[in-house]
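Pasting start.cif here (mmCIF, C-alpha atoms and all ligand atoms):
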```cif
data_upload
#
loop_
_atom_site.label_atom_id
_atom_site.label_comp_id
_atom_site.auth_asym_id
_atom_site.auth_seq_id
_atom_site.Cartn_x
_atom_site.Cartn_y
_atom_site.Cartn_z
CA MET G 1258 50.81 -33.73 39.03
CA ASN G 1259 50.43 -30.02 38.32
CA THR G 1260 47.98 -30.47 35.46
CA ILE G 1261 45.06 -32.09 37.30
CA LYS G 1262 41.85 -30.82 35.75
CA HIS G 1263 39.14 -32.95 37.35
CA HIS G 1264 38.86 -32.70 41.12
CA LEU G 1265 36.86 -34.05 44.04
CA THR G 1266 33.41 -32.53 44.53
CA ASP G 1267 32.57 -30.51 47.65
CA ALA G 1268 30.13 -33.25 48.61
CA LEU G 1269 32.87 -35.88 48.60
CA LEU G 1270 35.23 -33.69 50.58
CA ILE G 1271 32.53 -32.89 53.16
CA GLY G 1272 31.73 -36.60 53.43
CA TYR G 1273 35.41 -37.42 53.84
CA SER G 1274 35.84 -34.71 56.44
CA ALA G 1275 32.67 -35.69 58.31
CA GLY G 1276 33.75 -39.34 58.26
CA THR G 1277 30.53 -40.54 56.63
CA LEU G 1278 31.84 -42.02 53.37
CA PRO G 1279 32.30 -45.76 52.85
CA GLU G 1280 35.87 -46.97 53.31
CA ALA G 1281 36.21 -47.60 49.54
CA PHE G 1282 35.42 -43.94 48.81
CA ASN G 1283 37.75 -42.76 51.57
CA LEU G 1284 40.56 -44.62 49.83
CA VAL G 1285 39.92 -42.92 46.49
CA VAL G 1286 39.64 -39.51 48.16
CA ALA G 1287 42.86 -39.99 50.17
CA THR G 1288 44.69 -41.19 47.04
CA HIS G 1289 43.57 -38.20 44.98
CA ILE G 1290 44.51 -35.76 47.76
CA SER G 1291 47.97 -37.33 47.87
CA LEU G 1292 48.36 -36.23 44.24
CA CYS G 1293 46.53 -32.90 44.40
CA ASP G 1294 47.50 -29.81 46.41
CA GLU G 1295 44.27 -28.06 45.52
CA CYS G 1296 42.06 -30.76 47.01
CA ARG G 1297 44.44 -31.06 49.96
CA SER G 1298 43.85 -27.43 50.83
CA ARG G 1299 40.11 -27.87 50.31
CA MET G 1300 40.23 -30.85 52.69
CA HIS G 1301 41.91 -28.67 55.32
CA SER G 1302 39.14 -26.12 54.83
CA PHE G 1303 36.41 -28.70 55.29
CA ASP G 1304 38.14 -30.07 58.39
CA ALA G 1305 38.16 -26.50 59.70
CA VAL G 1306 34.42 -26.35 59.04
CA GLY G 1307 34.08 -29.53 61.12
CA GLY G 1308 36.05 -27.91 63.93
CA ASN G 1309 33.72 -24.93 63.82
CA VAL G 1310 30.61 -27.10 63.84
CA MET G 1311 32.04 -28.87 66.90
CA LEU G 1312 32.71 -25.57 68.69
CA ASP G 1313 29.17 -24.39 67.97
CA ALA G 1314 27.44 -27.58 69.04
CA GLY G 1315 26.92 -26.41 72.62
CA THR G 1316 28.38 -28.03 75.73
CA ALA G 1317 27.65 -31.24 77.62
CA GLU G 1318 28.93 -31.61 81.14
CA MET G 1319 31.74 -34.14 81.54
CA SER G 1320 31.31 -36.86 84.17
CA ASP G 1321 32.70 -36.42 87.68
CA GLY G 1322 36.37 -37.36 87.80
CA SER G 1323 36.65 -37.17 84.04
CA PHE G 1324 39.82 -35.10 84.00
CA ASP G 1325 41.55 -37.37 86.52
CA ALA G 1326 40.53 -40.37 84.45
CA VAL G 1327 42.28 -38.85 81.44
CA LEU G 1328 45.41 -38.12 83.49
CA ALA G 1329 45.40 -41.74 84.63
CA MET G 1330 44.99 -42.87 81.02
CA ILE G 1331 48.03 -40.80 80.06
CA ALA G 1332 50.09 -42.05 83.01
CA ASN G 1333 49.32 -45.69 82.24
CA ASP G 1334 50.19 -45.59 78.59
CA ASN G 1335 53.81 -44.95 77.76
CA THR G 1336 53.79 -46.55 74.36
CA PRO G 1337 54.47 -43.92 71.72
CA GLU G 1338 51.87 -44.21 69.00
CA ALA G 1339 53.02 -44.72 65.48
CA ALA G 1340 52.50 -41.84 63.09
CA GLU G 1341 48.99 -42.01 61.66
CA LYS G 1342 49.65 -40.45 58.32
CA PRO G 1343 51.31 -42.57 55.67
CA GLN G 1344 54.78 -41.41 54.76
CA LYS G 1345 55.45 -40.33 51.25
CA ALA G 1346 55.63 -43.12 48.68
CA ALA G 1347 59.10 -43.82 47.29
CA GLU G 1348 60.30 -41.69 44.40
CA GLY G 1349 59.05 -43.07 41.08
CA SER G 1350 56.06 -44.91 42.59
CA VAL G 1351 52.86 -45.11 40.56
CA PHE G 1352 50.68 -45.49 43.68
CA PRO G 1353 50.56 -42.91 46.48
CA ALA G 1354 51.13 -44.24 50.01
CA PRO G 1355 47.49 -44.80 51.09
CA LEU G 1356 46.87 -46.98 48.04
CA GLN G 1357 50.13 -48.87 48.60
CA ASP G 1358 48.82 -49.70 52.09
CA TYR G 1359 45.84 -51.50 50.56
CA VAL G 1360 47.74 -53.16 47.71
CA GLY G 1361 50.72 -54.17 49.81
CA GLY G 1362 53.13 -52.44 47.46
CA ASP G 1363 53.29 -50.48 44.24
CA LEU G 1364 51.96 -51.36 40.77
CA SER G 1365 54.20 -54.42 40.50
CA ALA G 1366 52.56 -55.96 43.61
CA VAL G 1367 49.03 -55.99 42.16
CA LYS G 1368 47.51 -59.44 41.59
CA TRP G 1369 45.58 -58.85 38.38
CA ARG G 1370 42.71 -60.99 37.16
CA ARG G 1371 41.64 -60.79 33.54
CA ILE G 1372 37.98 -59.86 33.10
CA GLY G 1373 37.70 -59.98 29.32
CA GLY G 1374 38.39 -57.63 26.42
CA GLY G 1375 42.00 -57.27 27.53
CA VAL G 1376 40.89 -55.53 30.74
CA SER G 1377 42.20 -56.71 34.12
CA GLN G 1378 41.09 -55.86 37.63
CA ALA G 1379 42.09 -56.32 41.25
CA VAL G 1380 39.46 -55.84 43.92
CA LEU G 1381 40.81 -54.31 47.14
CA ARG G 1382 39.53 -55.32 50.52
CA THR G 1383 37.34 -52.73 52.25
CA SER G 1384 34.09 -52.58 54.23
CA PRO G 1385 31.17 -53.97 52.18
CA ASP G 1386 29.12 -50.75 51.85
CA ALA G 1387 31.04 -49.94 48.65
CA THR G 1388 33.67 -51.63 46.53
CA VAL G 1389 36.96 -50.41 45.13
CA ARG G 1390 39.12 -52.00 42.46
CA LEU G 1391 42.14 -51.31 40.33
CA LEU G 1392 41.53 -51.51 36.59
CA LYS G 1393 44.13 -52.01 33.89
CA ILE G 1394 42.92 -51.06 30.42
CA PRO G 1395 45.32 -51.43 27.47
CA GLY G 1396 45.69 -48.36 25.25
CA GLY G 1397 42.83 -48.02 22.76
CA VAL G 1398 40.60 -50.52 24.60
CA ALA G 1399 37.09 -49.61 25.79
CA VAL G 1400 35.38 -50.50 29.04
CA PRO G 1401 31.79 -51.60 28.16
CA ASP G 1402 29.36 -48.68 28.25
CA HIS G 1403 27.33 -48.69 31.41
CA GLY G 1404 25.07 -46.70 33.68
CA HIS G 1405 25.27 -46.32 37.44
CA ARG G 1406 22.78 -47.01 40.18
CA GLY G 1407 24.88 -45.13 42.65
CA VAL G 1408 28.04 -43.06 42.53
CA GLU G 1409 31.17 -44.19 40.69
CA LEU G 1410 34.56 -42.60 41.30
CA THR G 1411 37.34 -43.25 38.81
CA LEU G 1412 40.83 -41.93 39.58
CA VAL G 1413 43.53 -42.20 36.91
CA LEU G 1414 46.93 -43.34 38.22
CA GLN G 1415 48.71 -43.96 34.93
CA GLY G 1416 47.88 -43.29 31.29
CA ALA G 1417 44.60 -41.66 30.35
CA PHE G 1418 41.04 -42.40 29.24
CA LYS G 1419 38.29 -40.45 27.60
CA ASP G 1420 34.56 -40.81 27.53
CA GLU G 1421 31.55 -38.80 26.35
CA THR G 1422 32.24 -36.06 28.89
CA ASP G 1423 35.98 -35.34 28.64
CA SER G 1424 39.44 -36.87 28.79
CA PHE G 1425 41.04 -37.83 32.09
CA HIS G 1426 44.77 -37.94 32.76
CA THR G 1427 46.96 -38.99 35.68
CA GLY G 1428 45.54 -37.56 38.90
CA ASP G 1429 42.15 -36.70 37.39
CA ILE G 1430 39.02 -38.08 39.01
CA GLU G 1431 35.69 -38.64 37.31
CA VAL G 1432 32.62 -38.56 39.53
CA ALA G 1433 29.76 -40.32 37.73
CA ASN G 1434 26.25 -40.45 39.16
CA GLU G 1435 22.91 -42.09 38.42
CA ASP G 1436 22.17 -40.11 35.28
CA MET G 1437 25.40 -40.86 33.48
CA VAL G 1438 25.86 -43.56 30.86
CA HIS G 1439 29.36 -43.58 29.45
CA GLN G 1440 31.95 -45.66 27.70
CA PRO G 1441 35.47 -44.96 28.90
CA VAL G 1442 38.18 -45.70 26.32
CA ALA G 1443 41.86 -45.86 27.26
CA GLU G 1444 43.93 -43.49 25.16
CA GLU G 1445 46.58 -44.97 22.88
CA GLY G 1446 49.92 -45.64 24.51
CA MET G 1447 50.64 -47.17 27.88
CA ASP G 1448 48.08 -49.16 29.89
CA CYS G 1449 45.57 -46.97 31.68
CA ILE G 1450 45.57 -47.82 35.40
CA CYS G 1451 42.56 -46.56 37.39
CA LEU G 1452 41.29 -46.82 40.93
CA ALA G 1453 37.51 -47.13 40.71
CA ALA G 1454 34.94 -47.22 43.52
CA THR G 1455 31.18 -47.75 43.38
CA ASP G 1456 28.52 -47.86 46.05
CA ALA G 1457 26.20 -49.91 43.81
CA PRO G 1458 26.76 -52.36 40.95
CA LEU G 1459 27.18 -50.90 37.47
CA ARG G 1460 24.55 -51.47 34.80
CA PHE G 1461 25.88 -52.43 31.39
CA SER G 1462 23.93 -51.27 28.38
CA ARG G 1463 24.43 -54.09 25.91
CA LEU G 1464 23.50 -57.73 26.13
CA LEU G 1465 26.98 -59.18 25.98
CA PRO G 1466 28.53 -57.10 28.73
CA ARG G 1467 25.44 -57.71 30.84
CA LEU G 1468 26.18 -61.42 30.66
CA ALA G 1469 29.79 -60.69 31.47
CA GLN G 1470 28.70 -58.73 34.52
CA GLY G 1471 28.25 -61.89 36.55
CA ILE G 1472 31.72 -63.08 35.68
CA MET G 1473 33.45 -59.76 36.09
CA GLY G 1474 31.80 -58.95 39.38
CA ILE G 1475 31.72 -55.26 38.55
CA VAL X 964 28.85 -17.85 68.70
CA ASN X 965 32.46 -19.02 68.64
CA ASP X 966 34.96 -17.97 71.23
CA ASP X 967 37.07 -16.36 68.52
CA SER X 968 39.31 -14.22 70.67
CA LYS X 969 40.82 -17.23 72.40
CA ARG X 970 41.30 -19.50 69.46
CA ALA X 971 44.80 -18.48 68.42
CA GLU X 972 46.00 -18.90 71.99
CA TRP X 973 45.24 -22.57 72.24
CA SER X 974 48.31 -23.46 70.21
CA GLU X 975 50.36 -22.03 73.11
CA GLU X 976 48.74 -24.50 75.50
CA ILE X 977 49.60 -27.30 73.09
CA ALA X 978 53.21 -26.09 73.00
CA ALA X 979 53.27 -25.99 76.83
CA ILE X 980 52.10 -29.61 76.92
CA ARG X 981 54.65 -30.62 74.29
CA ASP X 982 57.60 -28.80 75.86
CA HIS X 983 56.88 -28.91 79.61
CA LYS X 984 54.18 -31.55 80.10
CA ASP X 985 52.20 -28.66 81.55
CA GLN X 986 49.12 -30.08 83.31
CA ARG X 987 47.61 -26.68 83.96
CA ALA X 988 47.67 -25.86 80.26
CA PHE X 989 46.11 -29.26 79.64
CA ALA X 990 43.41 -28.55 82.21
CA ARG X 991 42.51 -25.29 80.42
CA LEU X 992 42.23 -27.10 77.08
CA PHE X 993 40.18 -29.83 78.68
CA GLU X 994 37.79 -27.39 80.30
CA HIS X 995 37.21 -25.60 77.01
CA PHE X 996 37.12 -28.42 74.50
CA ALA X 997 35.92 -31.55 76.31
CA PRO X 998 32.34 -30.38 76.98
CA ARG X 999 32.06 -29.07 73.41
CA LEU X 1000 33.37 -32.27 71.87
CA LYS X 1001 31.08 -34.35 74.08
CA SER X 1002 28.09 -32.28 73.02
CA PHE X 1003 29.10 -32.53 69.35
CA LEU X 1004 29.36 -36.33 69.60
CA MET X 1005 25.95 -36.56 71.29
CA LYS X 1006 24.40 -34.39 68.59
CA SER X 1007 26.03 -36.75 66.07
CA GLY X 1008 23.97 -39.61 67.48
CA SER X 1009 26.28 -40.97 70.18
CA THR X 1010 25.00 -41.94 73.62
CA ALA X 1011 26.23 -39.84 76.54
CA GLU X 1012 28.32 -42.80 77.68
CA PHE X 1013 30.04 -43.25 74.31
CA ALA X 1014 30.55 -39.50 73.94
CA GLU X 1015 32.19 -39.34 77.38
CA GLU X 1016 34.50 -42.26 76.61
CA CYS X 1017 35.46 -40.99 73.17
CA THR X 1018 36.09 -37.47 74.50
CA GLN X 1019 38.37 -38.81 77.23
CA GLU X 1020 40.37 -40.80 74.71
CA VAL X 1021 40.66 -37.85 72.34
CA MET X 1022 41.94 -35.63 75.17
CA ALA X 1023 44.52 -38.27 76.11
CA THR X 1024 45.59 -38.47 72.46
CA LEU X 1025 45.95 -34.70 72.38
CA TRP X 1026 48.44 -34.94 75.23
CA ARG X 1027 50.41 -37.77 73.64
CA LYS X 1028 50.51 -36.24 70.18
CA ALA X 1029 51.13 -32.65 71.18
CA HIS X 1030 54.48 -32.87 69.38
CA MET X 1031 52.66 -33.65 66.13
CA PHE X 1032 50.41 -30.59 66.22
CA ASP X 1033 51.06 -28.31 63.27
CA GLY X 1034 49.50 -24.89 63.66
CA SER X 1035 50.27 -23.95 60.07
CA LYS X 1036 47.96 -26.67 58.75
CA ALA X 1037 45.16 -26.74 61.31
CA SER X 1038 43.89 -24.73 64.25
CA VAL X 1039 43.60 -26.52 67.59
CA SER X 1040 39.84 -26.93 67.20
CA THR X 1041 40.29 -28.43 63.72
CA TRP X 1042 42.95 -30.77 65.04
CA ILE X 1043 40.79 -31.96 67.91
CA TYR X 1044 37.89 -32.41 65.52
CA THR X 1045 39.94 -34.64 63.19
CA ILE X 1046 41.29 -36.75 66.07
CA ALA X 1047 37.74 -37.24 67.34
CA ARG X 1048 36.40 -38.12 63.90
CA ASN X 1049 39.09 -40.76 63.34
CA ARG X 1050 38.64 -42.18 66.83
CA LYS X 1051 34.90 -42.44 66.30
CA ILE X 1052 35.30 -44.25 62.96
CA ASP X 1053 37.69 -46.61 64.68
CA MET X 1054 35.38 -47.26 67.66
CA ILE X 1055 32.08 -47.56 65.79
CA ARG X 1056 32.88 -48.86 62.36
CA LYS X 1057 36.00 -50.81 63.35
CA GLN X 1058 37.60 -49.49 60.20
CA ARG X 1059 40.81 -47.88 59.39
CA ARG X 1060 40.58 -44.59 57.62
CA PRO X 1061 42.84 -44.09 54.62
CA GLU X 1062 44.68 -40.78 55.07
CA PRO X 1063 46.50 -38.81 52.36
CA GLU X 1064 50.27 -38.81 52.28
CA ASP X 1065 51.62 -36.27 54.68
CA LEU X 1066 53.69 -33.43 53.33
CA PRO X 1067 57.10 -33.51 54.96
CA TRP X 1068 58.56 -30.35 56.43
CA GLY X 1069 60.76 -28.12 54.39
CA PRO X 1070 64.36 -27.46 55.41
CA GLU X 1071 63.29 -25.29 58.35
CA ASN X 1072 61.83 -28.35 60.10
CA GLU X 1073 59.22 -26.29 61.93
CA PRO X 1074 56.04 -24.57 60.84
CA ASP X 1075 56.50 -20.91 60.00
CA GLN X 1076 55.01 -18.76 62.81
CA ASP X 1077 53.50 -16.36 60.28
CA ASP X 1078 51.65 -19.23 58.68
CA VAL X 1079 50.37 -20.34 62.10
CA ILE X 1080 48.97 -16.89 62.82
CA VAL X 1081 47.41 -16.51 59.39
CA LEU X 1082 45.82 -19.93 59.60
CA ALA X 1083 44.32 -19.13 63.01
CA GLU X 1084 42.90 -15.89 61.61
CA GLU X 1085 41.49 -17.63 58.58
CA THR X 1086 39.88 -20.30 60.68
CA GLU X 1087 38.18 -17.55 62.67
CA GLN X 1088 37.04 -15.90 59.45
CA LEU X 1089 35.66 -19.22 58.31
CA GLY X 1090 33.76 -19.49 61.59
CA ARG X 1091 32.27 -16.05 61.08
CA ALA X 1092 31.40 -16.87 57.46
CA LEU X 1093 29.64 -20.01 58.62
CA ALA X 1094 27.76 -18.13 61.32
CA ALA X 1095 26.64 -15.57 58.74
CA LEU X 1096 25.21 -18.16 56.35
CA PRO X 1097 21.45 -18.27 55.90
CA GLU X 1098 19.91 -20.49 58.57
CA LYS X 1099 18.86 -23.15 56.09
CA GLN X 1100 22.34 -23.55 54.63
CA ARG X 1101 24.04 -23.52 58.02
CA LYS X 1102 21.71 -26.25 59.26
CA LEU X 1103 22.52 -28.29 56.18
CA ILE X 1104 26.24 -28.11 56.89
CA GLU X 1105 25.69 -29.01 60.54
CA ARG X 1106 23.59 -32.00 59.54
CA ALA X 1107 26.33 -33.15 57.14
CA TYR X 1108 28.89 -33.04 59.97
CA PHE X 1109 26.52 -34.63 62.48
CA GLY X 1110 26.40 -37.56 60.05
CA GLU X 1111 22.72 -37.07 59.20
CA LEU X 1112 23.26 -36.70 55.46
CA SER X 1113 24.53 -39.28 53.01
CA HIS X 1114 27.01 -38.35 50.34
CA SER X 1115 24.28 -38.17 47.68
CA GLU X 1116 22.12 -35.98 49.89
CA ILE X 1117 25.01 -33.54 50.26
CA ALA X 1118 25.66 -33.74 46.50
CA GLU X 1119 22.17 -32.47 45.76
CA GLU X 1120 22.96 -29.21 47.53
CA THR X 1121 25.59 -27.32 45.59
CA GLY X 1122 27.27 -23.97 45.76
CA LEU X 1123 28.28 -23.83 49.41
CA PRO X 1124 30.34 -20.64 49.74
CA LEU X 1125 33.25 -22.06 51.68
CA GLY X 1126 36.25 -20.75 49.84
CA THR X 1127 37.66 -18.65 52.62
CA ILE X 1128 40.82 -20.42 53.72
CA LYS X 1129 41.63 -22.34 50.57
CA SER X 1130 43.98 -19.91 48.94
CA ARG X 1131 46.31 -19.28 51.83
CA ILE X 1132 46.84 -22.93 52.68
CA ARG X 1133 47.48 -23.67 49.05
CA LEU X 1134 50.11 -20.98 48.83
CA ALA X 1135 51.83 -22.27 51.95
CA LEU X 1136 51.87 -25.79 50.55
CA GLU X 1137 53.23 -24.68 47.22
CA ARG X 1138 56.02 -22.83 48.92
CA LEU X 1139 56.80 -25.90 51.01
CA ARG X 1140 56.91 -28.08 47.91
CA HIS X 1141 59.19 -25.69 46.07
CA SER X 1142 61.54 -25.34 48.99
CA MET X 1143 62.15 -29.08 48.87
CA THR X 1144 62.94 -29.45 45.19
ZN ZN G 1501 42.05 -32.29 43.21
ZN ZN G 1502 31.23 -45.56 34.90
#
```
Would it be possible to restate this file's structure as structure tokens?
Amino acid sequence: MNTIKHHLTDALLIGYSAGTLPEAFNLVVATHISLCDECRSRMHSFDAVGGNVMLDAGTAEMSDGSFDAVLAMIANDNTPEAAEKPQKAAEGSVFPAPLQDYVGGDLSAVKWRRIGGGVSQAVLRTSPDATVRLLKIPGGVAVPDHGHRGVELTLVLQGAFKDETDSFHTGDIEVANEDMVHQPVAEEGMDCICLAATDAPLRFSRLLPRLAQGIMGI
Amino acid sequence: VNDDSKRAEWSEEIAAIRDHKDQRAFARLFEHFAPRLKSFLMKSGSTAEFAEECTQEVMATLWRKAHMFDGSKASVSTWIYTIARNRKIDMIRKQRRPEPEDLPWGPENEPDQDDVIVLAEETEQLGRALAALPEKQRKLIERAYFGELSHSEIAEETGLPLGTIKSRIRLALERLRHSMT
């Protein structure tokens, strides 16, 4: 947790703070921040930027009776709202709380589907403008090399992988864009578990994986 | 230009709402923030009607959640901004927004007053730093927060000098973490 080397980009944090990212990306960002104090403090900074932009956006007159309407709203609603922020995940969890919300539990609750080459995945349900899935890659196994039409975020939750750019350990996030073609390989040892989001389908480089693309739904 | 001199005081109005259900304090907050939030929402592409409705709901939430305000993590303006953003995502996109795990309080169970003051000062500094940015860069940031830029459009512009309040919040969080273990 204290050795995270690869962090969220400013662009992702601004998008998260502005509320303009797809839900799938929001999930990866919230999960990384749960593991990373540095990005948590950066998130607070970007929220503060949002507050400043709001304060500097001029004023628009509220409707007549607006304040009384709010008082009435308060008076009519006595139900205490549940806390918005997820509580901390139980000690020893692999998944931080926001991810557990989507999975319905920790690692043991994931319903894996094999997608070939020893790799398994579980697609999580989000809005359709981007997709997010869990990947389980046995140690030493490679994910087919591929390029990206859009942005791909890969957050390591257990184990580690390396590709042409660097190695990525628990808590690290790789942000891959259009120009990048890479072949992630899980490092020897325990299964590598990743949370991966894309806003466009991946493009596999070789013939065989390209055929597999239809089956895998990546 | 931001109303810097008043910003630190708003957390006292929040406390008055939390502790005494003080409607006059609430009226002062409303008068200051509601027209600004409404204008922000309209500049972010909302109709006047939607902006009015969303602003009213955010102000009601502020009353109800006054006990959850934490001045060592966010200034009042930041807090209102985040409530409004989440409410808007909920109303327009009908989506839930995944939020990071919250950090529980340390043994003291209350934010440290020194941290609250420092955070308010740093938020003001950030405001001044933003105001001092070259026009082109400032407009870019505004457009990002008005929702006019996609993630990839923001990604093309790098090197935004927004480091101002990072370090202090990080230190506070580290101390909090250590005090719990
Ligand atoms: Zn980070
Ligand atoms: Zn990739």
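For ligand ZN 1502 (chain G), the protein and nucleic acid residues at most 10 Å away, judged by all atoms listed in the file, amount to Val1400, Pro1401, Asp1402, His1403, Gly1404, His1405, Val1408, Glu1409, Leu1410, Thr1411, Asp1420, Glu1431, Val1432, Ala1433, Asn1434, Glu1435, Met1437, Val1438, His1439, Gln1440, Pro1441, Ala1453, Ala1454, Thr1455, Leu1459, Arg1460 and Phe1461 of chain G.
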Written selection (C-alpha atoms) as a JSON list (two decimals), in the coordinates of the input:
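selection-v4.json was written with the following content:
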```json
[["chain", "number", "residue", "atom", "x", "y", "z"],
["G", 1400, "VAL", "CA", 35.38, -50.50, 29.04],
["G", 1401, "PRO", "CA", 31.79, -51.60, 28.16],
["G", 1402, "ASP", "CA", 29.36, -48.68, 28.25],
["G", 1403, "HIS", "CA", 27.33, -48.69, 31.41],
["G", 1404, "GLY", "CA", 25.07, -46.70, 33.68],
["G", 1405, "HIS", "CA", 25.27, -46.32, 37.44],
["G", 1408, "VAL", "CA", 28.04, -43.06, 42.53],
["G", 1409, "GLU", "CA", 31.17, -44.19, 40.69],
["G", 1410, "LEU", "CA", 34.56, -42.60, 41.30],
["G", 1411, "THR", "CA", 37.34, -43.25, 38.81],
["G", 1420, "ASP", "CA", 34.56, -40.81, 27.53],
["G", 1431, "GLU", "CA", 35.69, -38.64, 37.31],
["G", 1432, "VAL", "CA", 32.62, -38.56, 39.53],
["G", 1433, "ALA", "CA", 29.76, -40.32, 37.73],
["G", 1434, "ASN", "CA", 26.25, -40.45, 39.16],
["G", 1435, "GLU", "CA", 22.91, -42.09, 38.42],
["G", 1437, "MET", "CA", 25.40, -40.86, 33.48],
["G", 1438, "VAL", "CA", 25.86, -43.56, 30.86],
["G", 1439, "HIS", "CA", 29.36, -43.58, 29.45],
["G", 1440, "GLN", "CA", 31.95, -45.66, 27.70],
["G", 1441, "PRO", "CA", 35.47, -44.96, 28.90],
["G", 1453, "ALA", "CA", 37.51, -47.13, 40.71],
["G", 1454, "ALA", "CA", 34.94, -47.22, 43.52],
["G", 1455, "THR", "CA", 31.18, -47.75, 43.38],
["G", 1459, "LEU", "CA", 27.18, -50.90, 37.47],
["G", 1460, "ARG", "CA", 24.55, -51.47, 34.80],
["G", 1461, "PHE", "CA", 25.88, -52.43, 31.39]]
```
Using all atoms listed in the file, find the residues of chain G whose closest atom to chain X is at most 6 Å away, then write them as a PDB file with C-alpha atoms, in the coordinates of the input.
```pdb
ATOM      1  CA  ALA G1268      30.130 -33.250  48.610  1.00  0.00           C
ATOM      2  CA  GLY G1272      31.730 -36.600  53.430  1.00  0.00           C
ATOM      3  CA  ALA G1275      32.670 -35.690  58.310  1.00  0.00           C
ATOM      4  CA  LEU G1284      40.560 -44.620  49.830  1.00  0.00           C
ATOM      5  CA  ALA G1287      42.860 -39.990  50.170  1.00  0.00           C
ATOM      6  CA  ILE G1290      44.510 -35.760  47.760  1.00  0.00           C
ATOM      7  CA  SER G1291      47.970 -37.330  47.870  1.00  0.00           C
ATOM      8  CA  SER G1298      43.850 -27.430  50.830  1.00  0.00           C
ATOM      9  CA  ARG G1299      40.110 -27.870  50.310  1.00  0.00           C
ATOM     10  CA  ASP G1304      38.140 -30.070  58.390  1.00  0.00           C
ATOM     11  CA  ALA G1305      38.160 -26.500  59.700  1.00  0.00           C
ATOM     12  CA  GLY G1308      36.050 -27.910  63.930  1.00  0.00           C
ATOM     13  CA  ASN G1309      33.720 -24.930  63.820  1.00  0.00           C
ATOM     14  CA  MET G1311      32.040 -28.870  66.900  1.00  0.00           C
ATOM     15  CA  LEU G1312      32.710 -25.570  68.690  1.00  0.00           C
ATOM     16  CA  ALA G1314      27.440 -27.580  69.040  1.00  0.00           C
ATOM     17  CA  GLY G1315      26.920 -26.410  72.620  1.00  0.00           C
ATOM     18  CA  THR G1316      28.380 -28.030  75.730  1.00  0.00           C
ATOM     19  CA  ALA G1317      27.650 -31.240  77.620  1.00  0.00           C
ATOM     20  CA  GLU G1318      28.930 -31.610  81.140  1.00  0.00           C
ATOM     21  CA  MET G1319      31.740 -34.140  81.540  1.00  0.00           C
ATOM     22  CA  VAL G1327      42.280 -38.850  81.440  1.00  0.00           C
ATOM     23  CA  ILE G1331      48.030 -40.800  80.060  1.00  0.00           C
ATOM     24  CA  LYS G1342      49.650 -40.450  58.320  1.00  0.00           C
ATOM     25  CA  PRO G1343      51.310 -42.570  55.670  1.00  0.00           C
ATOM     26  CA  GLN G1344      54.780 -41.410  54.760  1.00  0.00           C
ATOM     27  CA  LYS G1345      55.450 -40.330  51.250  1.00  0.00           C
ATOM     28  CA  ALA G1354      51.130 -44.240  50.010  1.00  0.00           C
ATOM     29  CA  PRO G1355      47.490 -44.800  51.090  1.00  0.00           C
TER      30      PRO G1355
END
```
Exercise for review: Kindly compile the residues surrounding ligand ZN 1501 (chain G) within 10 Å, counting all atoms listed in the file, and format them as JSON, numbers by chain.
Suggested key: {"G": [1258, 1259, 1260, 1261, 1262, 1263, 1264, 1265, 1266, 1286, 1289, 1290, 1291, 1292, 1293, 1294, 1295, 1296, 1297, 1298, 1299, 1300, 1428, 1429, 1430]}
Exercise for review: Would you work out the distance separating atom CA of X:Ala1029 from atom CA of G:Ser1320, expressed in Å to one decimal?
Suggested key: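 Computing it gives 24.1 Å between the two atoms.
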Check your understanding: How far is it from atom CA of G:Arg1370 to atom CA of G:Val1285, in Å with one decimal?
Key ->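 Computed distance, atom CA of G:Arg1370 to atom CA of G:Val1285, equals 20.5 Å.
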When you get a chance, write out N, CA and C atoms for stretch 1079-1086 of chain X, as a short mmCIF file (atom, residue, chain, number, x, y, z; two decimals), in the frame of the given file.
```
data_model
loop_
_atom_site.label_atom_id
_atom_site.label_comp_id
_atom_site.auth_asym_id
_atom_site.auth_seq_id
_atom_site.Cartn_x
_atom_site.Cartn_y
_atom_site.Cartn_z
N VAL X 1079 51.22 -19.92 60.98
CA VAL X 1079 50.37 -20.34 62.10
C VAL X 1079 49.36 -19.24 62.42
N ILE X 1080 49.85 -18.01 62.48
CA ILE X 1080 48.97 -16.89 62.82
C ILE X 1080 47.91 -16.68 61.74
N VAL X 1081 48.36 -16.72 60.49
CA VAL X 1081 47.41 -16.51 59.39
C VAL X 1081 46.35 -17.61 59.38
N LEU X 1082 46.78 -18.83 59.61
CA LEU X 1082 45.82 -19.93 59.60
C LEU X 1082 44.79 -19.76 60.71
N ALA X 1083 45.26 -19.35 61.90
CA ALA X 1083 44.32 -19.13 63.01
C ALA X 1083 43.31 -18.05 62.64
N GLU X 1084 43.81 -16.97 62.02
CA GLU X 1084 42.90 -15.89 61.61
C GLU X 1084 41.89 -16.38 60.58
N GLU X 1085 42.39 -17.18 59.63
CA GLU X 1085 41.49 -17.63 58.58
C GLU X 1085 40.45 -18.62 59.10
N THR X 1086 40.85 -19.38 60.09
CA THR X 1086 39.88 -20.30 60.68
C THR X 1086 38.78 -19.50 61.39
#
```
